[in-house]
file input_3.cif (mmCIF, C-alpha atoms)
data_run
loop_
_atom_site.group_PDB
_atom_site.id
_atom_site.type_symbol
_atom_site.label_atom_id
_atom_site.label_comp_id
_atom_site.auth_asym_id
_atom_site.auth_seq_id
_atom_site.Cartn_x
_atom_site.Cartn_y
_atom_site.Cartn_z
ATOM 1 C CA MET A 1 0.000 0.000 0.000
ATOM 2 C CA ASP A 2 1.298 3.437 -0.954
ATOM 3 C CA LEU A 3 1.956 5.226 2.330
ATOM 4 C CA GLU A 4 1.940 8.639 0.635
ATOM 5 C CA ALA A 5 -1.572 7.907 -0.592
ATOM 6 C CA VAL A 6 -2.546 6.876 2.936
ATOM 7 C CA ARG A 7 -1.013 10.082 4.309
ATOM 8 C CA THR A 8 -2.954 12.089 1.738
ATOM 9 C CA PHE A 9 -6.193 10.327 2.683
ATOM 10 C CA VAL A 10 -5.700 11.200 6.369
ATOM 11 C CA THR A 11 -4.855 14.807 5.512
ATOM 12 C CA VAL A 12 -8.010 15.201 3.369
ATOM 13 C CA ALA A 13 -10.128 13.602 6.101
ATOM 14 C CA GLU A 14 -8.778 16.049 8.673
ATOM 15 C CA ALA A 15 -8.871 19.130 6.417
ATOM 16 C CA GLY A 16 -12.297 18.375 4.905
ATOM 17 C CA ARG A 17 -11.293 19.760 1.481
ATOM 18 C CA PHE A 18 -8.966 18.564 -1.267
ATOM 19 C CA GLN A 19 -7.566 22.078 -1.800
ATOM 20 C CA GLU A 20 -6.677 22.541 1.881
ATOM 21 C CA ALA A 21 -5.054 19.118 1.933
ATOM 22 C CA ALA A 22 -3.035 20.047 -1.173
ATOM 23 C CA THR A 23 -1.769 23.158 0.616
ATOM 24 C CA ASP A 24 -0.844 21.175 3.727
ATOM 25 C CA LEU A 25 1.014 18.584 1.646
ATOM 26 C CA SER A 26 2.647 21.142 -0.684
ATOM 27 C CA ILE A 27 1.290 19.425 -3.801
ATOM 28 C CA THR A 28 -1.401 20.335 -6.353
ATOM 29 C CA GLN A 29 -5.086 19.576 -5.898
ATOM 30 C CA GLN A 30 -4.808 17.313 -8.938
ATOM 31 C CA GLY A 31 -2.007 15.421 -7.154
ATOM 32 C CA VAL A 32 -4.252 14.912 -4.138
ATOM 33 C CA SER A 33 -7.049 13.583 -6.378
ATOM 34 C CA LYS A 34 -4.680 11.139 -8.089
ATOM 35 C CA ARG A 35 -3.398 9.767 -4.787
ATOM 36 C CA ILE A 36 -6.922 9.268 -3.440
ATOM 37 C CA ALA A 37 -7.968 7.565 -6.691
ATOM 38 C CA THR A 38 -4.935 5.235 -6.413
ATOM 39 C CA LEU A 39 -5.854 4.324 -2.847
ATOM 40 C CA GLU A 40 -9.489 3.699 -3.795
ATOM 41 C CA ARG A 41 -8.377 1.363 -6.600
ATOM 42 C CA THR A 42 -6.214 -0.521 -4.105
ATOM 43 C CA LEU A 43 -8.949 -0.859 -1.485
ATOM 44 C CA GLY A 44 -12.018 -1.157 -3.739
ATOM 45 C CA PRO A 45 -14.706 1.158 -2.278
ATOM 46 C CA ARG A 46 -14.901 4.925 -2.544
ATOM 47 C CA LEU A 47 -13.498 6.790 0.464
ATOM 48 C CA PHE A 48 -14.895 10.297 -0.067
ATOM 49 C CA THR A 49 -18.069 11.915 -1.344
ATOM 50 C CA ARG A 50 -17.707 15.436 -2.721
ATOM 51 C CA THR A 51 -20.380 17.855 -1.476
ATOM 52 C CA PRO A 52 -20.799 21.654 -1.543
ATOM 53 C CA ARG A 53 -19.274 21.671 1.932
ATOM 54 C CA GLY A 54 -16.132 19.801 0.767
ATOM 55 C CA ALA A 55 -15.004 16.173 0.971
ATOM 56 C CA GLU A 56 -16.943 13.931 3.332
ATOM 57 C CA LEU A 57 -15.909 10.445 4.320
ATOM 58 C CA THR A 58 -18.062 7.584 3.119
ATOM 59 C CA ILE A 59 -18.933 4.782 5.540
ATOM 60 C CA ASP A 60 -15.948 2.840 4.158
ATOM 61 C CA GLY A 61 -13.742 5.921 4.536
ATOM 62 C CA GLN A 62 -14.801 6.267 8.170
ATOM 63 C CA ALA A 63 -14.003 2.603 8.781
ATOM 64 C CA PHE A 64 -10.557 2.934 7.167
ATOM 65 C CA LEU A 65 -9.503 6.202 8.883
ATOM 66 C CA PRO A 66 -8.304 4.795 12.263
ATOM 67 C CA HIS A 67 -6.355 2.072 10.453
ATOM 68 C CA ALA A 68 -4.789 4.633 8.137
ATOM 69 C CA ARG A 69 -3.617 6.664 11.118
ATOM 70 C CA GLU A 70 -2.160 3.530 12.705
ATOM 71 C CA LEU A 71 -0.339 2.676 9.459
ATOM 72 C CA LEU A 72 1.338 6.082 9.546
ATOM 73 C CA ARG A 73 2.265 5.693 13.224
ATOM 74 C CA VAL A 74 3.799 2.267 12.531
ATOM 75 C CA ALA A 75 5.786 3.725 9.621
ATOM 76 C CA GLU A 76 7.118 6.505 11.855
ATOM 77 C CA ARG A 77 8.150 4.027 14.541
ATOM 78 C CA GLY A 78 9.849 1.863 11.913
ATOM 79 C CA ILE A 79 11.871 4.813 10.616
ATOM 80 C CA ALA A 80 12.811 5.869 14.148
ATOM 81 C CA SER A 81 14.055 2.355 14.957
ATOM 82 C CA VAL A 82 16.781 2.569 12.321
ATOM 83 C CA TRP A 83 17.474 6.288 12.231
ATOM 84 C CA SER A 84 20.722 6.634 14.190
ATOM 85 C CA GLY A 85 19.752 9.918 15.794
ATOM 86 C CA HIS A 86 16.578 8.502 17.316
ATOM 87 C CA ARG A 87 17.369 4.921 18.329
ATOM 88 C CA PRO A 88 19.302 3.516 21.286
ATOM 89 C CA LEU A 89 23.058 3.172 21.099
ATOM 90 C CA ARG A 90 23.695 -0.591 20.941
ATOM 91 C CA VAL A 91 26.927 -1.720 22.634
ATOM 92 C CA ASP A 92 28.302 -5.255 22.990
ATOM 93 C CA ILE A 93 30.206 -6.282 26.135
ATOM 94 C CA ILE A 94 31.635 -9.692 27.035
ATOM 95 C CA ALA A 95 30.059 -10.210 30.478
ATOM 96 C CA SER A 96 27.860 -8.438 32.994
ATOM 97 C CA ARG A 97 30.559 -8.297 35.703
ATOM 98 C CA SER A 98 33.370 -7.267 33.373
ATOM 99 C CA ALA A 99 35.369 -4.048 33.243
ATOM 100 C CA GLN A 100 33.464 -3.093 30.088
ATOM 101 C CA SER A 101 30.195 -3.355 31.995
ATOM 102 C CA GLY A 102 31.579 -0.969 34.599
ATOM 103 C CA LEU A 103 32.604 1.499 31.896
ATOM 104 C CA MET A 104 29.147 1.404 30.321
ATOM 105 C CA ARG A 105 27.427 1.867 33.699
ATOM 106 C CA GLY A 106 29.578 4.946 34.208
ATOM 107 C CA PHE A 107 28.653 6.178 30.730
ATOM 108 C CA HIS A 108 24.950 5.730 31.495
ATOM 109 C CA ARG A 109 25.243 7.623 34.793
ATOM 110 C CA THR A 110 27.093 10.474 33.078
ATOM 111 C CA HIS A 111 24.802 10.605 30.034
ATOM 112 C CA PRO A 112 21.340 9.427 31.190
ATOM 113 C CA ASP A 113 19.762 11.230 28.221
ATOM 114 C CA ILE A 114 21.367 8.770 25.764
ATOM 115 C CA GLU A 115 19.191 5.703 25.361
ATOM 116 C CA LEU A 116 21.353 2.602 25.632
ATOM 117 C CA ASP A 117 21.009 -1.077 24.714
ATOM 118 C CA VAL A 118 23.688 -3.445 26.061
ATOM 119 C CA VAL A 119 24.102 -6.914 24.552
ATOM 120 C CA MET A 120 26.565 -9.762 25.121
ATOM 121 C CA LEU A 121 27.887 -11.521 22.030
ATOM 122 C CA PHE A 122 30.250 -14.471 22.171
ATOM 123 C CA ASP A 123 33.384 -13.874 20.118
ATOM 124 C CA ILE A 124 35.079 -11.310 17.928
ATOM 125 C CA GLU A 125 33.818 -12.820 14.658
ATOM 126 C CA THR A 126 30.214 -12.563 15.868
ATOM 127 C CA ALA A 127 30.815 -9.018 17.107
ATOM 128 C CA VAL A 128 32.405 -7.843 13.838
ATOM 129 C CA ALA A 129 29.551 -9.349 11.820
ATOM 130 C CA ALA A 130 27.029 -7.540 14.049
ATOM 131 C CA ILE A 131 28.864 -4.230 13.618
ATOM 132 C CA ARG A 132 29.009 -4.616 9.836
ATOM 133 C CA SER A 133 25.309 -5.505 9.621
ATOM 134 C CA GLY A 134 24.291 -2.625 11.890
ATOM 135 C CA ALA A 135 22.934 -4.940 14.611
ATOM 136 C CA VAL A 136 25.254 -3.205 17.115
ATOM 137 C CA ASP A 137 27.029 0.147 17.022
ATOM 138 C CA ALA A 138 30.097 -0.752 19.073
ATOM 139 C CA SER A 139 31.776 -3.756 20.683
ATOM 140 C CA PHE A 140 34.412 -4.095 23.390
ATOM 141 C CA ARG A 141 36.947 -6.675 22.254
ATOM 142 C CA ALA A 142 40.335 -7.440 23.710
ATOM 143 C CA VAL A 143 42.686 -8.155 20.848
ATOM 144 C CA THR A 144 43.137 -8.982 17.200
ATOM 145 C CA ALA A 145 44.954 -12.279 17.149
ATOM 146 C CA PRO A 146 47.696 -13.048 14.601
ATOM 147 C CA GLY A 147 46.264 -14.042 11.241
ATOM 148 C CA ARG A 148 42.862 -12.469 12.036
ATOM 149 C CA PRO A 149 43.148 -8.796 11.052
ATOM 150 C CA LEU A 150 40.064 -6.628 11.305
ATOM 151 C CA PRO A 151 38.223 -5.760 8.069
ATOM 152 C CA ASP A 152 39.106 -2.371 6.596
ATOM 153 C CA ASP A 153 35.670 -0.937 7.417
ATOM 154 C CA ILE A 154 36.055 -1.647 11.149
ATOM 155 C CA ALA A 155 37.801 0.957 13.319
ATOM 156 C CA ALA A 156 39.381 -0.059 16.631
ATOM 157 C CA VAL A 157 40.609 2.146 19.479
ATOM 158 C CA ARG A 158 42.282 0.685 22.544
ATOM 159 C CA VAL A 159 40.375 2.156 25.469
ATOM 160 C CA LEU A 160 41.311 0.208 28.603
ATOM 161 C CA ASP A 161 44.156 -1.932 29.937
ATOM 162 C CA GLU A 162 42.627 -4.147 32.634
ATOM 163 C CA PRO A 163 45.206 -5.416 35.183
ATOM 164 C CA LEU A 164 44.856 -9.066 36.146
ATOM 165 C CA GLN A 165 44.945 -10.155 39.783
ATOM 166 C CA LEU A 166 45.527 -13.587 41.283
ATOM 167 C CA LEU A 167 42.544 -14.955 43.184
ATOM 168 C CA THR A 168 43.279 -17.666 45.765
ATOM 169 C CA GLY A 169 41.602 -19.435 48.660
ATOM 170 C CA PRO A 170 42.834 -18.909 52.238
ATOM 171 C CA ALA A 171 44.949 -22.081 52.274
ATOM 172 C CA HIS A 172 46.829 -21.425 49.013
ATOM 173 C CA ALA A 173 50.616 -21.167 49.249
ATOM 174 C CA LEU A 174 50.515 -17.548 48.022
ATOM 175 C CA ALA A 175 47.458 -16.447 50.012
ATOM 176 C CA GLY A 176 49.517 -14.320 52.402
ATOM 177 C CA ALA A 177 51.463 -12.445 49.712
ATOM 178 C CA ARG A 178 50.878 -8.709 49.278
ATOM 179 C CA SER A 179 51.784 -9.119 45.576
ATOM 180 C CA VAL A 180 53.223 -11.826 43.353
ATOM 181 C CA SER A 181 55.388 -11.644 40.253
ATOM 182 C CA LEU A 182 54.682 -13.621 37.121
ATOM 183 C CA ALA A 183 57.911 -15.530 37.769
ATOM 184 C CA GLN A 184 56.585 -16.635 41.192
ATOM 185 C CA LEU A 185 53.492 -18.080 39.522
ATOM 186 C CA ALA A 186 55.504 -20.584 37.502
ATOM 187 C CA GLY A 187 54.648 -24.081 38.791
ATOM 188 C CA HIS A 188 51.355 -23.052 40.377
ATOM 189 C CA ARG A 189 48.101 -24.323 38.846
ATOM 190 C CA ILE A 190 45.929 -21.514 37.530
ATOM 191 C CA TRP A 191 42.417 -22.685 36.696
ATOM 192 C CA MET A 192 40.551 -20.789 33.964
ATOM 193 C CA PRO A 193 37.494 -22.830 32.925
ATOM 194 C CA GLY A 194 36.147 -19.908 30.877
ATOM 195 C CA ILE A 195 38.894 -20.094 28.241
ATOM 196 C CA VAL A 196 37.516 -21.187 24.878
ATOM 197 C CA PRO A 197 40.029 -22.148 22.148
ATOM 198 C CA GLY A 198 39.872 -19.866 19.130
ATOM 199 C CA THR A 199 38.504 -16.854 21.000
ATOM 200 C CA GLU A 200 40.403 -13.617 21.554
ATOM 201 C CA TRP A 201 40.755 -14.333 25.282
ATOM 202 C CA GLY A 202 42.007 -17.820 24.456
ATOM 203 C CA ALA A 203 44.695 -16.277 22.234
ATOM 204 C CA TYR A 204 45.609 -13.845 25.028
ATOM 205 C CA TYR A 205 46.213 -16.587 27.584
ATOM 206 C CA ASP A 206 48.093 -18.720 25.048
ATOM 207 C CA ASP A 207 50.605 -15.879 24.686
ATOM 208 C CA LEU A 208 50.764 -15.328 28.450
ATOM 209 C CA VAL A 209 51.635 -19.007 28.972
ATOM 210 C CA ALA A 210 54.239 -18.991 26.191
ATOM 211 C CA GLU A 211 55.883 -15.801 27.474
ATOM 212 C CA PHE A 212 56.145 -16.657 31.178
ATOM 213 C CA GLY A 213 55.949 -20.454 31.419
ATOM 214 C CA LEU A 214 52.710 -20.490 33.404
ATOM 215 C CA THR A 215 50.454 -23.496 33.920
ATOM 216 C CA ILE A 216 46.900 -22.547 32.985
ATOM 217 C CA GLU A 217 44.257 -25.272 33.054
ATOM 218 C CA ALA A 218 40.959 -24.863 31.233
ATOM 219 C CA THR A 219 39.625 -28.324 32.089
ATOM 220 C CA GLY A 220 36.081 -29.027 33.181
ATOM 221 C CA PRO A 221 32.826 -27.272 32.338
ATOM 222 C CA ASN A 222 32.354 -23.595 33.119
ATOM 223 C CA PHE A 223 29.496 -23.412 35.640
ATOM 224 C CA GLY A 224 29.851 -19.648 36.100
ATOM 225 C CA THR A 225 31.518 -17.274 38.535
ATOM 226 C CA ASP A 226 29.874 -18.565 41.730
ATOM 227 C CA ALA A 227 31.004 -22.137 41.066
ATOM 228 C CA LEU A 228 34.516 -20.889 40.226
ATOM 229 C CA LEU A 229 34.743 -19.000 43.535
ATOM 230 C CA ASP A 230 33.502 -22.031 45.476
ATOM 231 C CA THR A 231 36.170 -24.252 43.908
ATOM 232 C CA ILE A 232 39.000 -21.776 44.446
ATOM 233 C CA ALA A 233 37.981 -21.304 48.091
ATOM 234 C CA ASP A 234 37.929 -25.066 48.749
ATOM 235 C CA THR A 235 41.013 -26.136 46.736
ATOM 236 C CA PRO A 236 44.393 -24.985 48.120
ATOM 237 C CA ALA A 237 46.269 -26.080 44.979
ATOM 238 C CA LEU A 238 44.229 -23.880 42.609
ATOM 239 C CA ALA A 239 44.212 -20.159 41.857
ATOM 240 C CA THR A 240 42.665 -18.155 39.052
ATOM 241 C CA PHE A 241 43.106 -14.834 37.286
ATOM 242 C CA MET A 242 40.488 -12.125 37.713
ATOM 243 C CA GLY A 243 40.337 -8.619 36.288
ATOM 244 C CA GLU A 244 41.022 -5.944 38.892
ATOM 245 C CA PRO A 245 37.739 -4.044 38.234
ATOM 246 C CA THR A 246 35.615 -7.226 38.160
ATOM 247 C CA ARG A 247 32.856 -7.029 40.770
ATOM 248 C CA LEU A 248 32.843 -10.129 42.974
ATOM 249 C CA VAL A 249 30.741 -11.080 45.980
ATOM 250 C CA TRP A 250 31.378 -14.278 47.917
ATOM 251 C CA PRO A 251 30.272 -15.807 51.243
ATOM 252 C CA ALA A 252 32.252 -14.599 54.259
ATOM 253 C CA GLY A 253 33.504 -18.105 54.959
ATOM 254 C CA HIS A 254 35.306 -18.345 51.621
ATOM 255 C CA GLY A 255 38.176 -16.105 52.757
ATOM 256 C CA LEU A 256 39.306 -15.440 49.196
ATOM 257 C CA ARG A 257 42.362 -13.281 48.486
ATOM 258 C CA ARG A 258 42.789 -10.848 45.565
ATOM 259 C CA ILE A 259 46.531 -10.396 45.024
ATOM 260 C CA PRO A 260 48.128 -7.902 42.577
ATOM 261 C CA VAL A 261 50.409 -9.435 39.940
ATOM 262 C CA THR A 262 53.635 -7.551 39.149
ATOM 263 C CA ASP A 263 56.944 -7.633 37.265
ATOM 264 C CA PRO A 264 55.249 -7.196 34.809
ATOM 265 C CA THR A 265 51.517 -6.767 35.430
ATOM 266 C CA PRO A 266 49.535 -8.643 32.763
ATOM 267 C CA VAL A 267 46.857 -6.346 31.359
ATOM 268 C CA TYR A 268 43.928 -7.328 29.213
ATOM 269 C CA PRO A 269 43.796 -4.781 26.360
ATOM 270 C CA HIS A 270 40.189 -3.795 25.670
ATOM 271 C CA SER A 271 39.462 -1.979 22.408
ATOM 272 C CA LEU A 272 36.252 -0.408 21.162
ATOM 273 C CA LEU A 273 35.289 -1.608 17.679
ATOM 274 C CA THR A 274 32.946 0.439 15.486
ATOM 275 C CA HIS A 275 32.025 0.700 11.802
ATOM 276 C CA ARG A 276 33.862 3.560 10.114
ATOM 277 C CA ASP A 277 30.629 4.752 8.460
ATOM 278 C CA ASN A 278 28.338 4.478 11.497
ATOM 279 C CA PRO A 279 26.692 7.917 11.900
ATOM 280 C CA HIS A 280 25.183 7.413 15.372
ATOM 281 C CA PRO A 281 25.859 10.731 17.158
ATOM 282 C CA ALA A 282 26.292 9.067 20.563
ATOM 283 C CA LEU A 283 29.454 7.251 19.404
ATOM 284 C CA THR A 284 31.451 10.473 19.629
ATOM 285 C CA THR A 285 30.166 10.992 23.173
ATOM 286 C CA LEU A 286 31.053 7.393 24.078
ATOM 287 C CA HIS A 287 34.619 7.749 22.779
ATOM 288 C CA ALA A 288 35.077 11.001 24.729
ATOM 289 C CA HIS A 289 33.705 9.411 27.916
ATOM 290 C CA LEU A 290 36.005 6.385 27.629
ATOM 291 C CA ALA A 291 39.034 8.618 27.028
ATOM 292 C CA ALA A 292 38.228 10.639 30.157
ATOM 293 C CA ALA A 293 37.388 7.576 32.273
ATOM 294 C CA THR A 294 40.691 5.839 31.498
ATOM 295 C CA ALA A 295 42.958 8.903 31.401
ATOM 296 C CA GLY A 296 46.136 8.547 33.390
ATOM 297 C CA GLN A 297 46.633 4.835 32.863
ATOM 298 C CA ASP A 298 50.335 4.098 33.140
ATOM 299 C CA ALA A 299 51.632 1.347 30.836
ATOM 300 C CA THR A 300 54.951 1.152 32.718
ATOM 301 C CA GLY A 301 55.534 -2.342 34.052
ATOM 302 C CA ALA A 302 52.611 -3.825 32.131
ATOM 303 C CA TRP A 303 52.474 -6.712 29.665
ATOM 304 C CA ALA A 304 50.083 -7.251 26.751
ATOM 305 C CA PRO A 305 50.507 -9.402 23.648
ATOM 306 C CA ALA A 306 52.626 -7.794 20.934
ATOM 307 C CA TRP A 307 49.720 -8.140 18.524
ATOM 308 C CA ALA A 308 47.202 -6.236 20.653
ATOM 309 C CA ILE A 309 45.911 -3.010 19.084
ATOM 310 C CA PRO A 310 48.412 -0.236 19.996
ATOM 311 C CA ARG A 311 47.342 2.499 22.393
#
call {"tool": "encode", "arguments": {"input": "input_3.cif", "output": "structure tokens"}}
result
Amino acid sequence: MDLEAVRTFVTVAEAGRFQEAATDLSITQQGVSKRIATLERTLGPRLFTRTPRGAELTIDGQAFLPHARELLRVAERGIASVWSGHRPLRVDIIASRSAQSGLMRGFHRTHPDIELDVVMLFDIETAVAAIRSGAVDASFRAVTAPGRPLPDDIAAVRVLDEPLQLLTGPAHALAGARSVSLAQLAGHRIWMPGIVPGTEWGAYYDDLVAEFGLTIEATGPNFGTDALLDTIADTPALATFMGEPTRLVWPAGHGLRRIPVTDPTPVYPHSLLTHRDNPHPALTTLHAHLAAATAGQDATGAWAPAWAIPR
């Protein structure tokens, strides 16, 4: 159905005259007549009766009028859903307790007027495909692994280096340390059941192991953060890595320890990926907020893979 013809029908119904409707629509009276005739051919019955007082709706016209108005409202909502200036900013993060989640909560508090949708996609390939299709506007991703360069139409800016900490139970050999070096971790079992081969975080930990001779085990199913904390608390031989900003809550009896890692500090390099041609006006605001929120980060004494996006 021709929406311009529907719009013309509603305008004539509200104005009561073809000439007034023509003026409102900035077209000729003949143009109005043609559009109404087209709509009547589409629907079948006549919609107006011309009288000395103007154009009056027929019974069929009266029946169609509320539906015509709804058609126009649906069309307006459809346009608004894809018009970048009037739809939510869609941002992909990896997990709800992650550093990226904290950054986006801060963005929402600072800019409550910007409508925001937050989604959680699985890996970088899925995220890039969503950015290219327009399903999301931006995605936080850690790295571009060797042999997997980003497409030319995807822009990436490194926005946050997240320091890793060692998380142990109270009976672990390193539980009393104020900090530990990567060299001290050699020989200790670090359990990371969330590592998935082929993902960007899998590539990150592969390089960390190769560089510093660590023992990282990804065995067993990943039952989530609560199950991980329970196991670490109850198993003196196991520790795990956790991002410094990651929000954790555990029972008081667990007695878990969060220990800084030094010499060097492994950092997880988060970048913001966007499409180079995405016109959403809130992206500029997001980039400015992230730059301000992470200003002052000191890369001295930190380690990231050589193939991470440069700062």
call {"tool": "resolve_selection", "arguments": {"input": "input_3.cif", "expression": "the PyMOL selection byres ((chain A and resi 150-157) around 8)", "output": "ChimeraX atom specification"}}
result
/A:128,132,144,148-149,158-159,271-277,309,311
call {"tool": "residues_around", "arguments": {"input": "input_3.cif", "residues": "Ala63 of chain A", "least_positions_apart": "2", "cutoff": "12 Å", "atoms": "all atoms listed in the file", "output": "ChimeraX atom specification"}}
result
/A:13,43,45-48,57-61,65-69
call {"tool": "resolve_selection", "arguments": {"input": "input_3.cif", "expression": "the PyMOL selection byres ((chain A and resi 257) around 9)", "output": "number ranges by chain"}}
result
A: 166-170, 175-176, 255-256, 258-259
call {"tool": "closest_residue", "arguments": {"input": "input_3.cif", "among": "A:Glu56, A:Asp161, A:Glu40, A:Asp123", "to": "Glu244 of chain A", "atoms": "all atoms listed in the file"}}
result
A:Asp161
call {"tool": "closest_residue", "arguments": {"input": "input_3.cif", "among": "A:Phe223, A:Glu162, A:Asp230, A:Ser101", "to": "Asp298 of chain A", "atoms": "only C-alpha atoms"}}
result
A:Glu162
call {"tool": "closest_residue", "arguments": {"input": "input_3.cif", "among": "A:Ile27, A:Ala5, A:Ile93, A:Ala135", "to": "Val119 of chain A", "atoms": "only C-alpha atoms"}}
result
A:Ile93
call {"tool": "resolve_selection", "arguments": {"input": "input_3.cif", "expression": "the PyMOL selection byres ((chain A and resi 71) around 12)", "output": "PyMOL selection string"}}
result
chain A and resi 1-7+9-10+64-70+72-78
call {"tool": "residues_around", "arguments": {"input": "input_3.cif", "residues": "Phe18 of chain A", "least_positions_apart": "5", "cutoff": "12 Å", "atoms": "only C-alpha atoms", "output": "list of chain:residue names"}}
result
A:Thr8, A:Phe9, A:Val10, A:Thr11, A:Val12, A:Ala13, A:Thr23, A:Asp24, A:Leu25, A:Ser26, A:Ile27, A:Thr28, A:Gln29, A:Gln30, A:Gly31, A:Val32, A:Ser33, A:Lys34, A:Arg35, A:Ile36, A:Phe48, A:Thr49, A:Arg50, A:Thr51, A:Arg53, A:Gly54, A:Ala55, A:Glu56
call {"tool": "closest_residue", "arguments": {"input": "input_3.cif", "among": "A:Gly44, A:His289, A:Val261, A:Ala21", "to": "Pro163 of chain A", "atoms": "only C-alpha atoms"}}
result
A:Val261
call {"tool": "closest_residue", "arguments": {"input": "input_3.cif", "among": "A:Val136, A:Ala127, A:Ala142, A:Ala15", "to": "Ala203 of chain A", "atoms": "only C-alpha atoms"}}
result
A:Ala142
call {"tool": "atom_distance", "arguments": {"input": "input_3.cif", "atom1": "atom CA of Thr219 of chain A", "atom2": "atom CA of Ala306 of chain A"}}
result
26.7 Å
call {"tool": "atom_distance", "arguments": {"input": "input_3.cif", "atom1": "atom CA of Leu208 of chain A", "atom2": "atom CA of Trp307 of chain A"}}
result
12.3 Å
call {"tool": "closest_residue", "arguments": {"input": "input_3.cif", "among": "A:Ala138, A:Ala293, A:Ala252, A:Ile114", "to": "Val91 of chain A", "atoms": "all atoms listed in the file"}}
result
A:Ala138
call {"tool": "residues_near_point", "arguments": {"input": "input_3.cif", "point": "(34.5, -22.8, 31.2)", "cutoff": "7 Å", "atoms": "all atoms listed in the file", "output": "count of residues only"}}
result
9
call {"tool": "atom_distance", "arguments": {"input": "input_3.cif", "atom1": "atom CA of Ala308 of chain A", "atom2": "atom CA of Asp92 of chain A"}}
result
19.1 Å
call {"tool": "residues_around", "arguments": {"input": "input_3.cif", "residues": "Asn278 of chain A", "least_positions_apart": "5", "cutoff": "9 Å", "atoms": "all atoms listed in the file", "output": "MDAnalysis selection string"}}
result
chainID A and resid 84 131 134 137 283
call {"tool": "residues_around", "arguments": {"input": "input_3.cif", "residues": "Ile190 of chain A", "least_positions_apart": "2", "cutoff": "10 Å", "atoms": "all atoms listed in the file", "output": "PyMOL selection string"}}
result
chain A and resi 166-168+185-188+192-193+214-218+232+237-241
call {"tool": "write_last_selection", "arguments": {"input": "input_3.cif", "atoms": "C-alpha atoms", "output": "short mmCIF file (atom, residue, chain, number, x, y, z; two decimals), in the coordinates of the input"}}
result
data_model
loop_
_atom_site.label_atom_id
_atom_site.label_comp_id
_atom_site.auth_asym_id
_atom_site.auth_seq_id
_atom_site.Cartn_x
_atom_site.Cartn_y
_atom_site.Cartn_z
CA LEU A 166 45.53 -13.59 41.28
CA LEU A 167 42.54 -14.96 43.18
CA THR A 168 43.28 -17.67 45.76
CA LEU A 185 53.49 -18.08 39.52
CA ALA A 186 55.50 -20.58 37.50
CA GLY A 187 54.65 -24.08 38.79
CA HIS A 188 51.36 -23.05 40.38
CA MET A 192 40.55 -20.79 33.96
CA PRO A 193 37.49 -22.83 32.92
CA LEU A 214 52.71 -20.49 33.40
CA THR A 215 50.45 -23.50 33.92
CA ILE A 216 46.90 -22.55 32.98
CA GLU A 217 44.26 -25.27 33.05
CA ALA A 218 40.96 -24.86 31.23
CA ILE A 232 39.00 -21.78 44.45
CA ALA A 237 46.27 -26.08 44.98
CA LEU A 238 44.23 -23.88 42.61
CA ALA A 239 44.21 -20.16 41.86
CA THR A 240 42.66 -18.16 39.05
CA PHE A 241 43.11 -14.83 37.29
#
call {"tool": "residues_near_point", "arguments": {"input": "input_3.cif", "point": "(32.1, 5.2, 35.2)", "cutoff": "12 Å", "atoms": "only C-alpha atoms", "output": "PyMOL selection string"}}
result
chain A and resi 99-111+245+286+289-294
call {"tool": "build_atoms", "arguments": {"input": "input_3.cif", "residues": "segment 192-199 of chain A", "atoms": "N, CA, C and O atoms", "output": "PDB file, in the coordinates of the input"}}
result
ATOM      1  N   MET A 192      41.338 -21.751  34.735  1.00  0.00           N
ATOM      2  CA  MET A 192      40.551 -20.789  33.964  1.00  0.00           C
ATOM      3  C   MET A 192      39.538 -21.541  33.111  1.00  0.00           C
ATOM      4  O   MET A 192      39.718 -21.708  31.889  1.00  0.00           O
ATOM      5  N   PRO A 193      38.449 -22.032  33.706  1.00  0.00           N
ATOM      6  CA  PRO A 193      37.494 -22.830  32.925  1.00  0.00           C
ATOM      7  C   PRO A 193      36.747 -22.035  31.866  1.00  0.00           C
ATOM      8  O   PRO A 193      36.072 -22.609  31.026  1.00  0.00           O
ATOM      9  N   GLY A 194      36.849 -20.714  31.876  1.00  0.00           N
ATOM     10  CA  GLY A 194      36.147 -19.908  30.877  1.00  0.00           C
ATOM     11  C   GLY A 194      36.894 -19.733  29.576  1.00  0.00           C
ATOM     12  O   GLY A 194      36.366 -19.134  28.631  1.00  0.00           O
ATOM     13  N   ILE A 195      38.127 -20.253  29.481  1.00  0.00           N
ATOM     14  CA  ILE A 195      38.894 -20.094  28.241  1.00  0.00           C
ATOM     15  C   ILE A 195      38.325 -21.008  27.164  1.00  0.00           C
ATOM     16  O   ILE A 195      38.177 -22.214  27.376  1.00  0.00           O
ATOM     17  N   VAL A 196      38.037 -20.427  26.017  1.00  0.00           N
ATOM     18  CA  VAL A 196      37.516 -21.187  24.878  1.00  0.00           C
ATOM     19  C   VAL A 196      38.523 -21.083  23.743  1.00  0.00           C
ATOM     20  O   VAL A 196      38.847 -19.976  23.311  1.00  0.00           O
ATOM     21  N   PRO A 197      39.063 -22.204  23.251  1.00  0.00           N
ATOM     22  CA  PRO A 197      40.029 -22.148  22.148  1.00  0.00           C
ATOM     23  C   PRO A 197      39.456 -21.414  20.940  1.00  0.00           C
ATOM     24  O   PRO A 197      38.285 -21.567  20.591  1.00  0.00           O
ATOM     25  N   GLY A 198      40.287 -20.590  20.321  1.00  0.00           N
ATOM     26  CA  GLY A 198      39.872 -19.866  19.130  1.00  0.00           C
ATOM     27  C   GLY A 198      39.292 -18.495  19.400  1.00  0.00           C
ATOM     28  O   GLY A 198      39.084 -17.713  18.463  1.00  0.00           O
ATOM     29  N   THR A 199      39.025 -18.176  20.669  1.00  0.00           N
ATOM     30  CA  THR A 199      38.504 -16.854  21.000  1.00  0.00           C
ATOM     31  C   THR A 199      39.661 -15.885  21.249  1.00  0.00           C
ATOM     32  O   THR A 199      40.810 -16.294  21.414  1.00  0.00           O
TER      33      THR A 199
END
